[in-house]
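Comments concern the structure below.
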Amino acid sequence: MEFRSREIIYTMSFFAAMVVLLFSFAFLKQSATSNEMTGSSENSPGFIWVAVLFAGTLGLSRAFDRERETGTMRALLLAPIPRAAIFLGKSVAIAIMVLVVQAVVVPLVALFFDAPLFAHPLPLLCTLVLGTIGFSVVGSVFAAMLLKAGSRDVLLPVVLYPILVPLFIAAIKATAAMLDGSLGDSWFWIRFLAVYDTIFLVAALWTFESLVIE
Amino acid sequence: MTDTSSSSSSRSAPLFIGAAVACIFGFGYTLSLIFYQTPLAAGPLYFNQKIFYYHVPCAFMLFLAVIVCGIASIKYLRGREQRWDDVSVAAAEISVVFGTIVMVTGVLWAKPAWGKWWVWDARLTSALLLWMTMIAYQLVRKYGGAGAERLASGLGVFAMVNIPLVYSSTRLWKTNHPSANTVPSLDPSMRAALWFSVLLFTVFFILLLRLRINARRDERRLYECREMALDAGIFE
Amino acid sequence: MTLRVFPIFALVLLALSAAPTTVSAQVKGPAPYASEMRDQCIAEMEKDARILAACEESHSSKYQVQDAARAVKDKQFVVAAYAAIWAVLAIFVVIMWLRQRKLSVEITRLQGELKKAAAE
């Protein structure tokens with residue numbers, strides 16, 4: 001199992017790096033004065049979180065694919081473990097994977113787009129961690145539900161992204177506020193993220209049992 | 001075997017016909033209220049403000065339908081009773097219909113009011129997101145394969161829980177402070193028309209919901225009949 | 001000691017802040033606005049032909065015609081909006097009705113066949 005999760009993490013991180021690279025090609029402009037391509041740090045929060053979202057979705061479907069193939073989900077459900085523990089275990093695993101991806105993406109974006117992302121490390125860390133928690137909680141619920149579905153690869157984003165929009169907005173605004181230097185705004189959005197995480201963690205724990213029961 | 005002669009919708013046919021007739025008269029009355037009894041609005045809107053009398057009730061119905069879908073989904077997930085699944089599916093479909101109306105009329109209202117077809121306003125954005133989530137619900141039910149009801153119910157619950165979060169995040173998206181109210185406070189002479197419209201659309205919504213739930217029941221009954229026919233060896 | 005002084009201090013401040021309002025209540029309402037500068041301004045403006053022309057133009061029918069034309073053009077949106085609402089609702093009701101009819105026909109047909117098969 002550990003070997004497979006390493007495979008997933010490597011492929012997720014590479015995919016995220018490719019997405020950031022594609023964004024560079026899309027959004028870097030030739031500067032007026034010199035003959036180089038420069039990027040503005042304006043849109044960099046968007047790039048980070050879009051790359052994380054895409055890579056995270058891939059990782060989610062891959063991670064639960066593995067469960068489906070080996071049938072471990074059924075075994076886990078039959079075992080006398082509280083359902084919540086199964087769910088939280090999966091979420092934590094996915095959260096770790098997404099955090100690794102973020103560790104790759106954030107420095108890349110800071111490098112390519114010349115964005116002073118590391119100026120305020122504490123808000124940055126809070127945003128990344130809270131965003132990851134929200135993503136993995138909501139993502140685990142839907143990915144677990146989609147285990148048996150037919151067109152599950154495309155259905156997961158279809159179902160997941162509308163629910164994740166407030167998380168996305170909050171994470172981007174928090175990061176952007178950090179870049180601007182307005183830390184008060186940043187902490188506001190971080191608190192919003194915390195509220196979002198709490199609400200959906202509670203909702204997920206409530207519904208997980210009934211959703212995965214055969 | 002189930003009762004053969006009547007389908008479920010004809011059981012309380014007088015009630016449905018009565019409600020439908022009331023709705024038709026209601027729509028006529030709203031037209032007279034809106035176009036003859038409310039004053040012309042000020043500002044760049046003038047006549048176009050009249051769209052508002054149908055747009056707002058439809059938006060209310062969108063939210064109401066999503067909440068009904070969410071609650072029915074919770075009940076379905078608790079007890080796995082088919083009837084709550086019926087309610088949830090019906091409410092989701094109706095929410096897509098009203099969502100479409102809200103989007104179309106909103107855009108047509110926005111152009112004369114603000115000069116642009118689309119504005120990233122909190123209400124518009126959160127209505128758009130809710131509409132897309134309900135469309136995702138429909139897609140999941142169609143293409144989700146075997147466990148589709150559970151998945152869709154989960155989605156319904158999460159969509160309902162998400163409403164306040166989406167609204168607050170899109171409202172605060174532009175600035176950190178609540179933006180100025182884009183809809184000015186209402187002239188009292190316009191309120192009667194608006195509240196009557198809301199009442200009318202609520203009755204219409206309940207009627208549509210009931211009809212759609214009955215249709216779902218018939219669909220399931222058809223499925224059962226087909227199963228029985230296959231068992232009895234009748235080739236279809 | 002400060003705990004006892006503070007309420008007294010606050011009351012004194014309150015009394016002092018109330019004083020101006022009580023004093024000013026005795027004054028009559030605001031005097032009519034009159035100023036030399038205003039009269040001078042009006043006189044100067046009337047001498048300037050361009051300002052007079054601008055005033056005339058803003059009262060002319062040009063802008064009113066523009067506004068009216070735009071209001072008439074915008075009326076199309078209202079018609080379109082209501083048409084869209086009716087169309088969407090009507091399409092939905094018609095689809096439901098057709099679906100229901102098809103269902104009822106299928107159900108009665110199948111139940112008839114089942115009866116026949118049971119009778120055999």
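Residue names in the structure tokens use chain letters A, B, ... in the order shown, residue numbers from 1 in each chain, and ligand numbers from 1 in the order shown.
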
Return as a tab-separated table the residues of chain B lying at most 9 Å from chain C, together with the closest atom-to-atom pair for each and the distance in Å to one decimal, counting only C-alpha atoms, with rows in chain order and ascending residue number.
residue	atom	partner	partner_atom	distance
B:Thr4	CA	C:Gln111	CA	6.7
B:Ser5	CA	C:Thr108	CA	7.6
B:Ser6	CA	C:Ser104	CA	8.7
B:Ser7	CA	C:Ser104	CA	6.6
B:Pro44	CA	C:Ala71	CA	8.0
B:Leu45	CA	C:Ala71	CA	7.8
B:Tyr46	CA	C:Ala71	CA	7.0
B:Phe47	CA	C:Lys75	CA	6.4
B:Asn48	CA	C:Val78	CA	5.6
B:Gln49	CA	C:Val78	CA	8.3
B:Lys50	CA	C:Val78	CA	7.1
B:Ile51	CA	C:Val78	CA	6.0
B:Tyr54	CA	C:Tyr82	CA	8.2
B:Ile94	CA	C:Phe92	CA	8.9
B:Val97	CA	C:Val88	CA	7.2
B:Phe98	CA	C:Leu89	CA	8.4
B:Thr100	CA	C:Val88	CA	8.0
B:Ile101	CA	C:Ile85	CA	5.9
B:Val102	CA	C:Ile85	CA	8.8
B:Val104	CA	C:Ala81	CA	7.2
B:Thr105	CA	C:Ala81	CA	5.3
B:Gly106	CA	C:Ala81	CA	8.7
B:Leu108	CA	C:Phe77	CA	5.8
B:Trp109	CA	C:Phe77	CA	7.4
B:Lys111	CA	C:Phe77	CA	8.5
B:Pro112	CA	C:Asp74	CA	6.3
B:Leu208	CA	C:Val93	CA	8.1
B:Leu211	CA	C:Met96	CA	8.2
B:Arg212	CA	C:Met96	CA	7.3
B:Asn214	CA	C:Gln100	CA	8.9
B:Ala215	CA	C:Gln100	CA	6.0
B:Asp218	CA	C:Leu103	CA	6.7
B:Glu219	CA	C:Leu103	CA	6.7
B:Arg221	CA	C:Ile107	CA	7.7
B:Leu222	CA	C:Ile107	CA	5.6
B:Cys225	CA	C:Leu110	CA	6.6
B:Arg226	CA	C:Leu110	CA	7.3
B:Met228	CA	C:Leu114	CA	7.8
B:Ala229	CA	C:Leu114	CA	6.3
B:Ala232	CA	C:Ala117	CA	7.3
B:Gly233	CA	C:Ala117	CA	8.7
B:Ile234	CA	C:Ala117	CA	7.8
B:Glu236	CA	C:Leu110	CA	8.9

Excluding Phe23 of chain A and any residue of its chain fewer than 4 positions from it, enumerate the residues within 7 Å of it, using only C-alpha atoms, and give them as a PDB file with N, CA, C and O atoms, in the first residue's frame.
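So the final result, stored in result_28.pdb, reads:
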ATOM      1  N   VAL A  19       0.906  21.594 -14.688  1.00  0.00           N
ATOM      2  CA  VAL A  19      -0.170  22.584 -14.782  1.00  0.00           C
ATOM      3  C   VAL A  19       0.386  23.982 -14.542  1.00  0.00           C
ATOM      4  O   VAL A  19       0.057  24.929 -15.265  1.00  0.00           O
ATOM      5  N   PHE A  27       0.251  32.687 -19.283  1.00  0.00           N
ATOM      6  CA  PHE A  27       0.065  34.006 -18.698  1.00  0.00           C
ATOM      7  C   PHE A  27       1.307  34.865 -18.608  1.00  0.00           C
ATOM      8  O   PHE A  27       1.222  36.001 -18.184  1.00  0.00           O
ATOM      9  N   PHE A  47      -3.325  30.409  -9.722  1.00  0.00           N
ATOM     10  CA  PHE A  47      -2.563  29.307 -10.308  1.00  0.00           C
ATOM     11  C   PHE A  47      -2.313  28.214  -9.286  1.00  0.00           C
ATOM     12  O   PHE A  47      -2.440  27.023  -9.572  1.00  0.00           O
TER      13      PHE A  47
END

Using only C-alpha atoms and a distance of at most 6 Å, pull out the residues of chain B that contact chain A, as a compact mmCIF listing (two decimals) with all heavy atoms, in the first residue's frame.
# COMPACT_ATOMS: atom_id res chain seq x y z
N LEU B 77 -31.47 9.15 3.11
CA LEU B 77 -30.25 8.49 3.56
C LEU B 77 -30.45 7.83 4.91
O LEU B 77 -29.87 6.80 5.19
CB LEU B 77 -29.10 9.51 3.64
CG LEU B 77 -28.56 9.92 2.30
CD1 LEU B 77 -27.53 11.01 2.47
CD2 LEU B 77 -27.95 8.74 1.59
N THR B 133 -24.84 23.14 -9.40
CA THR B 133 -24.82 21.99 -8.52
C THR B 133 -26.03 21.10 -8.77
O THR B 133 -25.92 19.87 -8.79
CB THR B 133 -24.82 22.42 -7.05
OG1 THR B 133 -23.86 23.44 -6.87
CG2 THR B 133 -24.49 21.27 -6.14
N ALA B 136 -25.51 19.18 -11.83
CA ALA B 136 -24.62 18.06 -11.52
C ALA B 136 -25.42 16.92 -10.89
O ALA B 136 -25.17 15.74 -11.17
CB ALA B 136 -23.51 18.51 -10.57
N GLY B 144 -24.71 7.94 -13.04
CA GLY B 144 -23.94 7.50 -11.89
C GLY B 144 -23.92 6.01 -11.69
O GLY B 144 -23.29 5.53 -10.78
N GLY B 145 -24.63 5.26 -12.53
CA GLY B 145 -24.56 3.81 -12.35
C GLY B 145 -25.38 3.36 -11.17
O GLY B 145 -26.38 3.96 -10.80
N ARG B 150 -27.84 7.22 -3.84
CA ARG B 150 -27.13 7.64 -2.64
C ARG B 150 -26.22 8.81 -2.93
O ARG B 150 -26.17 9.79 -2.18
CB ARG B 150 -26.29 6.47 -2.10
CG ARG B 150 -27.11 5.38 -1.46
CD ARG B 150 -26.23 4.28 -0.98
NE ARG B 150 -25.64 3.53 -2.08
CZ ARG B 150 -24.35 3.35 -2.25
NH1 ARG B 150 -23.49 3.87 -1.40
NH2 ARG B 150 -23.88 2.65 -3.25
N LEU B 151 -25.50 8.69 -4.04
CA LEU B 151 -24.56 9.76 -4.39
C LEU B 151 -25.28 11.07 -4.59
O LEU B 151 -24.88 12.12 -4.08
CB LEU B 151 -23.83 9.36 -5.66
CG LEU B 151 -22.90 10.40 -6.25
CD1 LEU B 151 -21.89 10.84 -5.22
CD2 LEU B 151 -22.20 9.81 -7.45
N VAL B 166 -21.76 29.61 0.17
CA VAL B 166 -21.54 30.16 -1.16
C VAL B 166 -21.96 31.61 -1.18
O VAL B 166 -21.26 32.48 -1.71
CB VAL B 166 -22.33 29.36 -2.21
CG1 VAL B 166 -22.32 30.08 -3.53
CG2 VAL B 166 -21.75 27.99 -2.38
N SER B 169 -19.46 33.77 0.77
CA SER B 169 -18.14 33.90 0.15
C SER B 169 -18.21 34.73 -1.12
O SER B 169 -17.31 35.54 -1.38
CB SER B 169 -17.53 32.54 -0.15
OG SER B 169 -18.25 31.89 -1.15

inquiry  = Taking 5 positions as the minimum chain separation for residues in the same chain, which residues sit within 8 Å of Leu130 of chain A when counting only C-alpha atoms? Answer as a ChimeraX atom specification.
reply    = /A:190,193-194,197

message = Set the distance at 6 Å and use only C-alpha atoms: which residues neighbour Val137 of chain A once local chain neighbours fewer than 3 positions away are removed? I'd like the list as a list of chain:residue names.
response = A:Ser91, A:Gly134, A:Ser140

Keeping only N, CA and C atoms, write the selected residues as a short mmCIF file (atom, residue, chain, number, x, y, z; two decimals), in the first residue's frame.
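Once written, result29.cif looks like this:
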data_model
loop_
_atom_site.label_atom_id
_atom_site.label_comp_id
_atom_site.auth_asym_id
_atom_site.auth_seq_id
_atom_site.Cartn_x
_atom_site.Cartn_y
_atom_site.Cartn_z
N SER A 91 -9.35 10.44 4.70
CA SER A 91 -9.18 11.89 4.50
C SER A 91 -7.78 12.31 4.86
N GLY A 134 -10.26 20.96 4.08
CA GLY A 134 -11.58 21.07 3.45
C GLY A 134 -11.66 20.21 2.20
N SER A 140 -13.15 13.17 -0.04
CA SER A 140 -13.26 11.77 0.38
C SER A 140 -14.70 11.32 0.37
#

remark   = The distance between atom CA of Ile48 of chain A and atom CA of Val106 of chain A is 6.3 Å

task = Could you tell me how far atom CA of Val96 of chain B lies from atom CA of Val140 of chain B, in Å and to one decimal?
result = 13.8 Å
